[in-house]
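Dropping protein_6.txt in here (compact mmCIF, C-alpha atoms):
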# COMPACT_ATOMS: atom_id res chain seq x y z
CA MET R 1 19.32 144.08 133.24
CA GLU R 2 19.46 147.63 134.55
CA THR R 3 18.87 147.99 138.26
CA ASN R 4 18.90 150.70 140.91
CA TYR R 5 18.82 148.11 143.65
CA LEU R 6 21.75 145.77 143.06
CA THR R 7 25.45 146.43 143.11
CA ALA R 8 28.26 144.06 142.09
CA GLY R 9 30.35 143.22 145.16
CA PRO R 10 30.18 145.07 148.49
CA VAL R 11 28.22 148.28 149.08
CA SER R 12 31.15 150.70 149.03
CA GLN R 13 31.94 153.48 151.49
CA LYS R 14 31.78 155.79 148.49
CA LEU R 15 28.21 154.78 147.69
CA ILE R 16 27.19 155.36 151.32
CA SER R 17 28.87 158.77 151.38
CA GLN R 18 27.22 159.75 148.10
CA LEU R 19 23.80 158.93 149.51
CA VAL R 20 24.42 160.93 152.70
CA GLU R 21 25.65 163.82 150.56
CA LYS R 22 22.63 163.64 148.25
CA MET R 23 20.13 163.51 151.12
CA SER R 24 21.43 166.69 152.72
CA HIS R 25 20.14 168.71 149.75
CA ASN R 26 16.66 167.88 150.92
CA THR R 27 16.12 170.59 153.55
CA ASP R 28 12.66 169.37 154.51
CA SER R 29 14.08 166.11 155.89
CA GLY R 30 14.69 166.11 159.63
CA GLY R 31 15.96 162.57 160.02
CA HIS R 32 17.67 159.81 158.10
CA SER R 33 17.53 156.24 159.30
CA ILE R 34 20.11 153.96 157.74
CA PHE R 35 20.60 150.23 158.04
CA LEU R 36 23.79 148.54 156.88
CA GLY R 37 23.94 144.76 156.72
CA GLN R 38 27.46 143.43 157.13
CA VAL R 39 28.91 140.00 156.45
CA ARG R 40 29.87 138.36 159.75
CA ALA R 41 32.85 136.04 160.15
CA ASP R 42 30.54 133.47 161.77
CA GLU R 43 32.02 130.21 162.95
CA ILE R 44 30.05 127.19 161.71
CA ASP R 45 31.16 123.65 162.59
CA GLY R 46 34.57 125.01 163.54
CA LYS R 47 35.09 126.85 160.25
CA SER R 48 35.03 130.61 159.86
CA VAL R 49 33.04 132.38 157.11
CA LYS R 50 35.41 134.39 154.94
CA ALA R 51 32.81 135.69 152.46
CA ILE R 52 29.26 135.36 151.22
CA GLU R 53 28.39 134.95 147.57
CA TYR R 54 25.01 136.47 146.77
CA SER R 55 22.94 135.64 143.73
CA ALA R 56 19.71 137.34 142.69
CA TYR R 57 16.82 137.05 140.30
CA VAL R 58 17.48 140.50 138.89
CA GLU R 59 14.18 141.28 137.14
CA MET R 60 12.20 140.16 140.14
CA VAL R 61 14.43 142.10 142.56
CA ASN R 62 13.57 145.23 140.59
CA ILE R 63 9.85 144.53 140.76
CA GLU R 64 9.86 143.59 144.45
CA ALA R 65 12.08 146.51 145.49
CA GLU R 66 9.72 148.89 143.68
CA ASN R 67 6.81 147.29 145.54
CA ILE R 68 8.58 147.73 148.87
CA LYS R 69 9.29 151.38 148.09
CA LYS R 70 5.66 152.05 147.16
CA LYS R 71 4.41 150.28 150.26
CA ILE R 72 6.67 152.27 152.58
CA LEU R 73 5.87 155.61 150.93
CA SER R 74 2.14 154.97 151.22
CA GLU R 75 2.30 153.66 154.79
CA PHE R 76 4.60 156.42 156.07
CA PRO R 77 3.46 159.74 154.59
CA ASP R 78 6.30 161.63 156.31
CA VAL R 79 8.92 159.58 154.42
CA LYS R 80 10.55 161.54 151.58
CA SER R 81 12.78 158.88 150.07
CA VAL R 82 13.60 155.18 150.24
CA ASP R 83 16.89 153.85 148.91
CA ILE R 84 17.72 150.16 148.82
CA ILE R 85 20.99 148.64 147.61
CA HIS R 86 21.81 144.93 147.87
CA SER R 87 25.04 143.24 146.83
CA THR R 88 25.39 140.48 144.29
CA GLY R 89 28.51 138.32 143.97
CA ILE R 90 31.23 138.03 146.57
CA VAL R 91 31.19 140.15 149.75
CA SER R 92 33.96 139.47 152.28
CA ALA R 93 33.51 139.34 156.06
CA GLY R 94 33.45 142.90 157.39
CA GLU R 95 32.05 144.32 154.14
CA ILE R 96 28.55 145.73 153.66
CA SER R 97 26.00 143.73 151.64
CA LEU R 98 22.82 145.74 152.23
CA LEU R 99 22.05 149.40 152.55
CA VAL R 100 18.64 150.87 153.40
CA PHE R 101 18.44 154.66 153.55
CA ILE R 102 15.22 156.36 154.62
CA SER R 103 14.75 160.12 154.83
CA ALA R 104 11.73 161.59 156.55
CA GLY R 105 10.48 164.84 157.97
CA HIS R 106 10.72 163.53 161.53
CA ARG R 107 12.58 160.77 163.32
CA HIS R 108 9.78 158.37 164.24
CA GLN R 109 8.66 157.58 160.72
CA ALA R 110 12.27 157.50 159.48
CA ILE R 111 13.16 154.84 162.07
CA GLN R 112 9.96 152.81 161.73
CA ALA R 113 10.09 152.86 157.94
CA CYS R 114 13.72 151.73 157.95
CA SER R 115 12.96 148.81 160.22
CA LYS R 116 9.98 147.77 158.11
CA THR R 117 11.94 148.10 154.86
CA VAL R 118 14.64 145.75 156.17
CA GLU R 119 12.01 143.15 157.12
CA LEU R 120 10.29 143.43 153.73
CA ILE R 121 13.65 142.95 152.01
CA LYS R 122 14.35 139.80 154.04
CA ASP R 123 10.91 138.40 153.20
CA ASN R 124 10.47 139.46 149.60
CA LEU R 125 13.71 140.06 147.71
CA PRO R 126 14.71 137.04 145.62
CA VAL R 127 18.32 136.89 146.79
CA TRP R 128 20.27 133.81 147.87
CA LYS R 129 23.49 133.41 149.73
CA LYS R 130 26.29 130.91 149.90
CA GLU R 131 28.64 131.11 152.85
CA ILE R 132 32.22 130.52 151.80
CA PHE R 133 34.64 129.26 154.45
CA GLU R 134 38.37 129.75 154.89
CA ASP R 135 39.05 126.34 153.33
CA ASP R 136 36.89 127.30 150.30
CA SER R 137 34.15 124.86 151.21
CA HIS R 138 30.68 126.40 151.19
CA LYS R 139 27.18 126.19 152.59
CA TRP R 140 23.90 127.45 151.13
CA LYS R 141 21.69 129.48 153.45
CA MET P 142 36.21 170.03 178.53
CA GLU P 143 37.15 166.96 176.55
CA THR P 144 34.25 165.11 174.99
CA ASN P 145 33.63 162.18 172.69
CA TYR P 146 30.04 163.19 172.22
CA LEU P 147 30.04 166.78 170.99
CA THR P 148 31.41 168.29 167.82
CA ALA P 149 31.69 171.98 166.91
CA GLY P 150 29.39 172.72 163.97
CA PRO P 151 27.72 170.10 161.78
CA VAL P 152 28.46 166.37 161.95
CA SER P 153 30.64 166.13 158.84
CA GLN P 154 30.42 163.61 156.01
CA LYS P 155 34.00 162.76 156.89
CA LEU P 156 33.09 161.84 160.47
CA ILE P 157 30.25 159.62 159.22
CA SER P 158 32.55 157.89 156.71
CA GLN P 159 35.20 157.35 159.37
CA LEU P 160 32.68 155.64 161.64
CA VAL P 161 31.44 153.36 158.84
CA GLU P 162 35.05 152.54 157.99
CA LYS P 163 35.92 151.80 161.62
CA MET P 164 32.90 149.56 162.16
CA SER P 165 33.75 147.30 159.25
CA HIS P 166 36.82 146.05 161.12
CA ASN P 167 34.45 144.40 163.55
CA THR P 168 33.70 141.15 161.71
CA ASP P 169 31.30 139.87 164.37
CA SER P 170 28.85 142.68 163.64
CA GLY P 171 26.06 141.78 161.23
CA GLY P 172 24.16 145.05 161.24
CA HIS P 173 24.66 148.75 161.79
CA SER P 174 21.73 151.01 162.48
CA ILE P 175 22.45 154.68 162.00
CA PHE P 176 20.33 157.72 162.72
CA LEU P 177 21.20 161.14 161.36
CA GLY P 178 19.28 164.16 162.60
CA GLN P 179 19.25 166.97 160.07
CA VAL P 180 18.30 170.63 160.42
CA ARG P 181 15.07 171.30 158.52
CA ALA P 182 14.33 174.59 156.75
CA ASP P 183 11.00 174.77 158.62
CA GLU P 184 8.73 177.66 157.95
CA ILE P 185 7.49 179.34 161.16
CA ASP P 186 5.19 182.38 161.03
CA GLY P 187 6.14 182.86 157.38
CA LYS P 188 9.88 182.83 158.05
CA SER P 189 12.22 180.04 157.02
CA VAL P 190 14.79 178.50 159.40
CA LYS P 191 18.27 178.98 157.96
CA ALA P 192 20.22 177.40 160.85
CA ILE P 193 20.02 176.15 164.41
CA GLU P 194 22.44 177.20 167.10
CA TYR P 195 22.96 174.47 169.66
CA SER P 196 24.33 175.00 173.14
CA ALA P 197 25.17 172.27 175.62
CA TYR P 198 26.11 171.72 179.25
CA VAL P 199 29.27 169.90 178.27
CA GLU P 200 30.15 168.09 181.54
CA MET P 201 26.61 166.86 181.93
CA VAL P 202 26.39 165.78 178.27
CA ASN P 203 29.40 163.57 178.90
CA ILE P 204 27.85 162.03 182.00
CA GLU P 205 24.42 161.52 180.41
CA ALA P 206 25.81 160.14 177.13
CA GLU P 207 27.88 157.63 179.13
CA ASN P 208 24.73 156.65 181.02
CA ILE P 209 22.82 156.16 177.76
CA LYS P 210 25.64 154.00 176.36
CA LYS P 211 25.71 151.83 179.49
CA LYS P 212 21.94 151.48 179.50
CA ILE P 213 21.83 150.40 175.84
CA LEU P 214 24.74 147.95 176.20
CA SER P 215 23.12 146.30 179.20
CA GLU P 216 19.61 146.20 177.71
CA PHE P 217 20.75 144.90 174.30
CA PRO P 218 23.43 142.23 174.84
CA ASP P 219 23.89 141.75 171.08
CA VAL P 220 25.01 145.40 170.67
CA LYS P 221 28.79 145.74 170.17
CA SER P 222 29.14 149.51 170.08
CA VAL P 223 27.22 152.73 170.60
CA ASP P 224 28.47 155.99 169.11
CA ILE P 225 26.76 159.30 169.76
CA ILE P 226 27.80 162.66 168.30
CA HIS P 227 25.81 165.86 168.77
CA SER P 228 26.60 169.25 167.31
CA THR P 229 27.21 172.43 169.26
CA GLY P 230 27.16 175.89 167.69
CA ILE P 231 25.71 176.74 164.31
CA VAL P 232 24.34 174.01 162.01
CA SER P 233 22.74 175.19 158.75
CA ALA P 234 19.55 173.78 157.21
CA GLY P 235 20.42 170.56 155.37
CA GLU P 236 23.37 169.80 157.67
CA ILE P 237 23.54 166.97 160.19
CA SER P 238 23.33 167.81 163.93
CA LEU P 239 23.08 164.33 165.47
CA LEU P 240 24.60 160.98 164.68
CA VAL P 241 23.79 157.71 166.44
CA PHE P 242 25.68 154.66 165.23
CA ILE P 243 24.86 151.23 166.67
CA SER P 244 26.61 148.02 165.66
CA ALA P 245 25.19 144.66 166.68
CA GLY P 246 25.49 141.01 165.83
CA HIS P 247 22.04 140.96 164.28
CA ARG P 248 19.65 143.48 162.81
CA HIS P 249 16.82 143.48 165.37
CA GLN P 250 18.86 144.68 168.32
CA ALA P 251 20.80 147.12 166.13
CA ILE P 252 17.56 148.78 164.99
CA GLN P 253 15.81 148.70 168.39
CA ALA P 254 18.89 150.00 170.21
CA CYS P 255 19.28 152.85 167.71
CA SER P 256 15.67 153.90 168.12
CA LYS P 257 15.96 153.80 171.91
CA THR P 258 19.25 155.71 171.93
CA VAL P 259 17.69 158.53 169.90
CA GLU P 260 14.79 158.77 172.37
CA LEU P 261 17.14 158.76 175.37
CA ILE P 262 19.18 161.54 173.77
CA LYS P 263 16.06 163.66 173.22
CA ASP P 264 14.99 163.14 176.83
CA ASN P 265 18.29 163.30 178.68
CA LEU P 266 21.02 165.23 176.88
CA PRO P 267 21.30 168.79 178.20
CA VAL P 268 21.30 170.48 174.80
CA TRP P 269 19.31 173.55 173.75
CA LYS P 270 18.54 175.00 170.39
CA LYS P 271 17.79 178.38 168.93
CA GLU P 272 16.24 178.52 165.49
CA ILE P 273 17.76 181.29 163.40
CA PHE P 274 15.64 182.67 160.56
CA GLU P 275 16.62 184.19 157.23
CA ASP P 276 16.18 187.70 158.63
CA ASP P 277 18.50 186.81 161.56
CA SER P 278 15.69 186.89 164.09
CA HIS P 279 15.57 183.81 166.33
CA LYS P 280 13.37 181.61 168.44
CA TRP P 281 14.29 179.32 171.35
CA LYS P 282 12.94 175.80 171.21
CA MET I 283 6.33 126.08 122.31
CA GLU I 284 9.31 126.76 124.53
CA VAL I 285 9.61 128.02 128.10
CA LYS I 286 12.67 129.21 130.00
CA VAL I 287 13.42 127.76 133.44
CA LEU I 288 15.74 129.50 135.90
CA PHE I 289 17.36 127.67 138.84
CA PHE I 290 18.43 129.79 141.79
CA GLY I 291 20.52 129.34 144.92
CA VAL I 292 21.23 125.76 145.94
CA LEU I 293 19.03 124.51 143.07
CA ALA I 294 21.49 125.89 140.51
CA GLU I 295 24.16 123.83 142.24
CA VAL I 296 22.01 120.69 142.51
CA SER I 297 20.88 120.85 138.89
CA GLY I 298 24.29 121.96 137.64
CA THR I 299 22.63 124.70 135.58
CA GLN I 300 21.12 128.16 135.99
CA LEU I 301 18.97 128.06 132.86
CA LYS I 302 17.28 125.35 130.85
CA HIS I 303 14.69 125.49 128.07
CA TYR I 304 11.77 123.08 128.02
CA HIS I 305 9.56 122.35 125.02
CA ASP I 306 5.90 121.41 124.85
CA VAL I 307 5.00 121.71 128.52
CA LYS I 308 1.33 122.38 129.25
CA SER I 309 1.33 123.57 132.83
CA ILE I 310 3.46 124.19 135.89
CA SER I 311 2.69 120.72 137.28
CA ASP I 312 3.67 119.21 133.93
CA LEU I 313 6.92 121.21 133.97
CA LYS I 314 7.71 120.16 137.54
CA LEU I 315 7.47 116.47 136.58
CA ARG I 316 9.86 117.06 133.68
CA ILE I 317 12.30 118.87 135.95
CA TYR I 318 12.15 116.08 138.57
CA ASP I 319 12.86 113.61 135.76
CA ASP I 320 15.97 115.57 134.75
CA PHE I 321 17.14 116.40 138.27
CA PRO I 322 15.71 113.89 140.76
CA GLU I 323 17.66 115.49 143.62
CA ILE I 324 15.54 118.63 143.42
CA VAL I 325 12.58 116.84 144.98
CA HIS I 326 14.38 116.98 148.34
CA TYR I 327 14.54 120.78 148.36
CA ASN I 328 12.05 123.36 149.47
CA PHE I 329 11.30 125.97 146.81
CA ARG I 330 8.64 128.22 145.35
CA ILE I 331 7.78 128.86 141.72
CA SER I 332 7.48 132.16 139.94
CA LEU I 333 5.93 132.67 136.53
CA ASN I 334 7.20 135.76 134.73
CA SER I 335 8.63 137.15 137.97
CA GLU I 336 5.46 136.61 139.96
CA ILE I 337 5.29 133.97 142.67
CA THR I 338 2.45 131.50 142.26
CA ASP I 339 1.23 128.47 144.14
CA ASN I 340 -1.27 127.60 141.43
CA ASP I 341 -0.93 125.11 138.60
CA LEU I 342 -1.09 127.68 135.80
CA LEU I 343 -1.05 126.89 132.07
CA LEU I 344 2.12 127.83 130.22
CA LYS I 345 2.61 129.55 126.90
CA SER I 346 5.62 130.05 124.68
CA GLY I 347 8.12 132.54 126.06
CA ASP I 348 7.11 132.11 129.70
CA GLU I 349 9.88 132.39 132.27
CA ILE I 350 9.62 130.09 135.27
CA ALA I 351 11.98 130.30 138.24
CA LEU I 352 12.65 127.71 140.95
CA MET I 353 13.39 129.68 144.08
CA PRO I 354 14.64 128.29 147.41
CA PRO I 355 13.74 130.39 150.49
CA PHE I 356 15.10 133.91 150.14
CA ALA I 357 18.24 134.76 152.09
CA GLY I 358 18.97 138.39 151.32
CA GLY I 359 20.15 141.09 153.67
CA MET V 360 31.37 180.43 200.47
CA GLU V 361 30.83 180.82 196.73
CA VAL V 362 28.79 178.82 194.24
CA LYS V 363 28.79 178.95 190.46
CA VAL V 364 25.48 179.30 188.62
CA LEU V 365 25.14 178.42 184.91
CA PHE V 366 22.28 179.73 182.76
CA PHE V 367 21.40 177.69 179.68
CA GLY V 368 19.27 178.13 176.58
CA VAL V 369 16.72 180.89 176.70
CA LEU V 370 17.68 181.63 180.33
CA ALA V 371 21.14 182.76 179.22
CA GLU V 372 19.40 185.22 176.93
CA VAL V 373 16.89 186.38 179.55
CA SER V 374 19.52 186.85 182.25
CA GLY V 375 22.06 188.27 179.81
CA THR V 376 24.70 185.94 181.26
CA GLN V 377 25.85 182.35 181.08
CA LEU V 378 27.65 182.28 184.41
CA LYS V 379 27.29 184.14 187.68
CA HIS V 380 28.83 183.54 191.10
CA TYR V 381 26.75 183.84 194.26
CA HIS V 382 28.11 184.18 197.78
CA ASP V 383 26.72 182.96 201.05
CA VAL V 384 23.72 181.00 199.81
CA LYS V 385 22.48 178.25 202.11
CA SER V 386 20.31 176.12 199.87
CA ILE V 387 18.83 175.79 196.41
CA SER V 388 15.62 177.56 197.48
CA ASP V 389 17.71 180.39 198.92
CA LEU V 390 19.70 180.61 195.66
CA LYS V 391 16.52 180.65 193.57
CA LEU V 392 15.21 183.66 195.50
CA ARG V 393 18.49 185.48 194.91
CA ILE V 394 18.35 184.67 191.20
CA TYR V 395 14.73 185.85 190.92
CA ASP V 396 15.80 189.08 192.62
CA ASP V 397 18.52 189.62 190.05
CA PHE V 398 16.54 188.44 187.02
CA PRO V 399 12.80 188.75 187.72
CA GLU V 400 11.95 187.63 184.17
CA ILE V 401 13.21 184.12 184.91
CA VAL V 402 10.17 183.35 187.03
CA HIS V 403 8.12 183.11 183.84
CA TYR V 404 10.22 180.27 182.42
CA ASN V 405 10.05 176.56 182.95
CA PHE V 406 13.37 175.04 184.03
CA ARG V 407 15.02 172.35 186.11
CA ILE V 408 17.97 172.61 188.43
CA SER V 409 21.11 170.50 188.47
CA LEU V 410 23.63 170.40 191.27
CA ASN V 411 27.10 169.34 190.13
CA SER V 412 25.68 167.94 186.86
CA GLU V 413 22.93 165.98 188.54
CA ILE V 414 19.30 167.00 188.19
CA THR V 415 17.49 167.48 191.46
CA ASP V 416 14.01 168.51 192.50
CA ASN V 417 14.99 168.75 196.17
CA ASP V 418 15.96 171.78 198.18
CA LEU V 419 19.53 170.67 198.91
CA LEU V 420 22.04 172.54 201.04
CA LEU V 421 24.89 174.16 199.14
CA LYS V 422 28.60 174.23 199.89
CA SER V 423 31.47 176.22 198.47
CA GLY V 424 32.44 175.22 194.94
CA ASP V 425 29.04 173.77 194.02
CA GLU V 426 27.96 174.22 190.42
CA ILE V 427 24.25 174.83 189.88
CA ALA V 428 22.68 174.96 186.43
CA LEU V 429 19.32 176.40 185.37
CA MET V 430 18.14 174.24 182.50
CA PRO V 431 15.09 174.88 180.29
CA PRO V 432 13.55 171.74 178.70
CA PHE V 433 16.13 169.89 176.62
CA ALA V 434 15.93 170.29 172.85
CA GLY V 435 18.72 168.18 171.44
CA GLY V 436 18.64 165.98 168.40

Show the structure stored in the file as structure tokens.
Amino acid sequence: METNYLTAGPVSQKLISQLVEKMSHNTDSGGHSIFLGQVRADEIDGKSVKAIEYSAYVEMVNIEAENIKKKILSEFPDVKSVDIIHSTGIVSAGEISLLVFISAGHRHQAIQACSKTVELIKDNLPVWKKEIFEDDSHKWK
Amino acid sequence: METNYLTAGPVSQKLISQLVEKMSHNTDSGGHSIFLGQVRADEIDGKSVKAIEYSAYVEMVNIEAENIKKKILSEFPDVKSVDIIHSTGIVSAGEISLLVFISAGHRHQAIQACSKTVELIKDNLPVWKKEIFEDDSHKWK
Amino acid sequence: MEVKVLFFGVLAEVSGTQLKHYHDVKSISDLKLRIYDDFPEIVHYNFRISLNSEITDNDLLLKSGDEIALMPPFAGG
Amino acid sequence: MEVKVLFFGVLAEVSGTQLKHYHDVKSISDLKLRIYDDFPEIVHYNFRISLNSEITDNDLLLKSGDEIALMPPFAGG
């Protein structure tokens, strides 16, 4: 169950830094557009979300994430790279659960491709989430 | 000449990490949209760009960046914070010269506000650049 | 013949399992009836079916080794 | 009276200076003529004028202590 797209627990600061570091070696990129999804401490029926537990259909995530990558690269010829990392398992409020990192020659395609990638992830990645409240009760989303 | 918007030399990995770290304390943010502008090793008339030297009208950068921040916060009520950092001085190819960091409750406004902030910066920040080539000749942009 | 059925999200909770093998099922519609028999609660939930990691709305025939997943609406990001 | 004139971008290179003080100038149009006298090359460049950090296209009157900047098209980002 190897995957380049899923990480156990939150997307770490270290992972984000490594990607930024890696991208800078590509001197024909002029812009990076990054989206970070973060777990909110939403209040629902008077109870505050303390974490989200994500589960995923791993094989299908790999297939769908590859499809998204291919789609973006063909639709945005100026895009040099597409990185997608989604959490599985527990991610606490304030922690990052999704990272999308697009590098492109110029800003417009970087920004547009990032936005589109996030939407495709929402629509197509087989990932589910369970909101866990302070009193350890939960709610499926 | 105090400024929150300009940094001498490239926008460092450390600065980017610090911003990501800081943002995660805000547990009512659900999305961060980040744009990083990077110096490209463009080839112009057969010569490769090795660095860009940025100069800025510091007082006016402060005023205009404040205006951009206010505009974004009023146009996008879901946006919690707007951070803008632009380089001055020499930034080598592959290094970051602009960072825009938007945190919002939800992804759509984060992404739209980031895109708009980048455009407002391009149009309104009094910053100039000089491309420096491998043979130390230069060209104003 | 044997197929593998995966339950995701709220359906894993409702069924009390993430994985169950079914024997001698001809088609997806046949399988669905068997699943509803085992876990009547599932009928109240909205979900899609994938066959070998590909979503399908058709009543396909099944063969030994097939992997079917019951997937509630995605909620990633 | 004395005003402060800032030259940015390529205009700093063309004029050979980033800052020059001018005395006894009445208005922006008056100042521009004085600058063109000192640096005739500048007439070939496209630029905007700011008075005390605010861009203006008008021929405003100047007073002592005013800061005027000659700004080629912005190229940040």

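Nearest residue to R:Thr88, choosing from R:Phe133, R:Phe35, R:Phe76, R:Tyr5 and counting all atoms listed in the file: R:Tyr5.
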
Quick one: which residues from chain I are at most 9 Å off chain R, using all atoms listed in the file, as an mmCIF file with C-alpha atoms, keeping the file's coordinate frame?
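Result file iface-v6.cif:
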data_model
loop_
_atom_site.group_PDB
_atom_site.id
_atom_site.type_symbol
_atom_site.label_atom_id
_atom_site.label_comp_id
_atom_site.auth_asym_id
_atom_site.auth_seq_id
_atom_site.Cartn_x
_atom_site.Cartn_y
_atom_site.Cartn_z
ATOM 1 C CA LEU I 288 15.740 129.500 135.900
ATOM 2 C CA PHE I 290 18.430 129.790 141.790
ATOM 3 C CA GLY I 291 20.520 129.340 144.920
ATOM 4 C CA VAL I 292 21.230 125.760 145.940
ATOM 5 C CA ASN I 334 7.200 135.760 134.730
ATOM 6 C CA SER I 335 8.630 137.150 137.970
ATOM 7 C CA GLU I 336 5.460 136.610 139.960
ATOM 8 C CA ALA I 351 11.980 130.300 138.240
ATOM 9 C CA MET I 353 13.390 129.680 144.080
ATOM 10 C CA PRO I 354 14.640 128.290 147.410
ATOM 11 C CA PRO I 355 13.740 130.390 150.490
ATOM 12 C CA PHE I 356 15.100 133.910 150.140
ATOM 13 C CA ALA I 357 18.240 134.760 152.090
ATOM 14 C CA GLY I 358 18.970 138.390 151.320
ATOM 15 C CA GLY I 359 20.150 141.090 153.670
#

Problem set entry | Within-12 Å shell of (23.5, 148.7, 178.0) in input frame, only C-alpha atoms, as a PyMOL selection string | chain P and resi 206-223+243+250+254-255+257-258

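Nearest-residue note for chain R: choosing from P:Asp224, P:Leu156, P:Glu184, P:Ile252, the minimum distance belongs to P:Ile252, counting all atoms listed in the file.
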
Exercise. By how many Å are atom CA of P:Ala182 and atom CA of P:Leu160 apart?
Worked result: 26.8 Å

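Closest approach to P:Gly172 among R:Ser115, R:Ser137, R:Ser103, R:Asn4 is made by R:Ser115 (distances from all atoms listed in the file).
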
Once you count only C-alpha atoms, what closest atom pair and distance in Å to one decimal does each residue of chain R within 9 Å of chain P have, with rows by chain and rising residue number, as JSON lines?
{"residue": "R:Gln13", "atom": "CA", "partner": "P:Ser158", "partner_atom": "CA", "distance": 6.9}
{"residue": "R:Lys14", "atom": "CA", "partner": "P:Ser158", "partner_atom": "CA", "distance": 8.5}
{"residue": "R:Ile16", "atom": "CA", "partner": "P:Ser158", "partner_atom": "CA", "distance": 8.0}
{"residue": "R:Ser17", "atom": "CA", "partner": "P:Ser158", "partner_atom": "CA", "distance": 6.5}
{"residue": "R:Val20", "atom": "CA", "partner": "P:Gln154", "partner_atom": "CA", "distance": 7.4}
{"residue": "R:Glu21", "atom": "CA", "partner": "P:Gln154", "partner_atom": "CA", "distance": 7.2}
{"residue": "R:Met23", "atom": "CA", "partner": "P:Gly235", "partner_atom": "CA", "distance": 8.2}
{"residue": "R:Ser24", "atom": "CA", "partner": "P:Gly235", "partner_atom": "CA", "distance": 4.8}
{"residue": "R:His25", "atom": "CA", "partner": "P:Gly235", "partner_atom": "CA", "distance": 5.9}
{"residue": "R:Asn26", "atom": "CA", "partner": "P:Gly235", "partner_atom": "CA", "distance": 6.4}
{"residue": "R:Thr27", "atom": "CA", "partner": "P:Gly235", "partner_atom": "CA", "distance": 4.7}
{"residue": "R:Asp28", "atom": "CA", "partner": "P:Arg181", "partner_atom": "CA", "distance": 5.1}
{"residue": "R:Ser29", "atom": "CA", "partner": "P:Arg181", "partner_atom": "CA", "distance": 5.9}
{"residue": "R:Gly30", "atom": "CA", "partner": "P:Gln179", "partner_atom": "CA", "distance": 4.7}
{"residue": "R:Gly31", "atom": "CA", "partner": "P:Gly178", "partner_atom": "CA", "distance": 4.5}
{"residue": "R:His32", "atom": "CA", "partner": "P:Leu177", "partner_atom": "CA", "distance": 5.0}
{"residue": "R:Ser33", "atom": "CA", "partner": "P:Phe176", "partner_atom": "CA", "distance": 4.7}
{"residue": "R:Ile34", "atom": "CA", "partner": "P:Ile175", "partner_atom": "CA", "distance": 4.9}
{"residue": "R:Phe35", "atom": "CA", "partner": "P:Ser174", "partner_atom": "CA", "distance": 4.6}
{"residue": "R:Leu36", "atom": "CA", "partner": "P:His173", "partner_atom": "CA", "distance": 5.0}
{"residue": "R:Gly37", "atom": "CA", "partner": "P:Gly172", "partner_atom": "CA", "distance": 4.5}
{"residue": "R:Gln38", "atom": "CA", "partner": "P:Gly171", "partner_atom": "CA", "distance": 4.6}
{"residue": "R:Val39", "atom": "CA", "partner": "P:Gly171", "partner_atom": "CA", "distance": 5.8}
{"residue": "R:Arg40", "atom": "CA", "partner": "P:Asp169", "partner_atom": "CA", "distance": 5.1}
{"residue": "R:Ala41", "atom": "CA", "partner": "P:Thr168", "partner_atom": "CA", "distance": 5.4}
{"residue": "R:Asp42", "atom": "CA", "partner": "P:Asp169", "partner_atom": "CA", "distance": 6.9}
{"residue": "R:Ala93", "atom": "CA", "partner": "P:Thr168", "partner_atom": "CA", "distance": 5.9}
{"residue": "R:Gly94", "atom": "CA", "partner": "P:Thr168", "partner_atom": "CA", "distance": 4.7}
{"residue": "R:Glu95", "atom": "CA", "partner": "P:Ser165", "partner_atom": "CA", "distance": 6.2}
{"residue": "R:Ile96", "atom": "CA", "partner": "P:Ser165", "partner_atom": "CA", "distance": 7.8}
{"residue": "R:Gly105", "atom": "CA", "partner": "P:Arg181", "partner_atom": "CA", "distance": 7.9}
{"residue": "R:His106", "atom": "CA", "partner": "P:Gly178", "partner_atom": "CA", "distance": 8.6}
{"residue": "R:Arg107", "atom": "CA", "partner": "P:Gly178", "partner_atom": "CA", "distance": 7.5}
{"residue": "R:His108", "atom": "CA", "partner": "P:Ser256", "partner_atom": "CA", "distance": 8.4}
{"residue": "R:Ala110", "atom": "CA", "partner": "P:Phe176", "partner_atom": "CA", "distance": 8.7}
{"residue": "R:Ile111", "atom": "CA", "partner": "P:Ser256", "partner_atom": "CA", "distance": 6.6}
{"residue": "R:Gln112", "atom": "CA", "partner": "P:Ser256", "partner_atom": "CA", "distance": 8.6}
{"residue": "R:Cys114", "atom": "CA", "partner": "P:Ile252", "partner_atom": "CA", "distance": 8.5}
{"residue": "R:Ser115", "atom": "CA", "partner": "P:Ile252", "partner_atom": "CA", "distance": 6.6}
{"residue": "R:Val118", "atom": "CA", "partner": "P:Arg248", "partner_atom": "CA", "distance": 8.6}

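Between atom CA of I:Tyr304 and atom CA of I:Asp319 the separation is 12.3 Å.
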
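Closest approach to V:Glu372 among V:Val384, V:Leu410, V:Leu390, V:Ile401: V:Ile401, based on only C-alpha atoms.
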
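Omitting V:His382 and its sequence neighbours fewer than 3 positions away, and counting all atoms listed in the file, the residues within 10 Å are Met360, Glu361, Val362, Lys363, Lys385, Leu390 and Ser423 of chain V.
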
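What separates atom CA of R:Ile132 from atom CA of I:Ile317 is a distance of 28.0 Å.
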
Exercise. Leaving out I:Asp339 and any residue of its chain fewer than 3 positions from it, which residues lie within 10 Å of it when counting all atoms listed in the file, given as a list in words?
Worked result: Ile310, Arg330, Ile331, Ser332, Leu333 and Leu342 of chain I
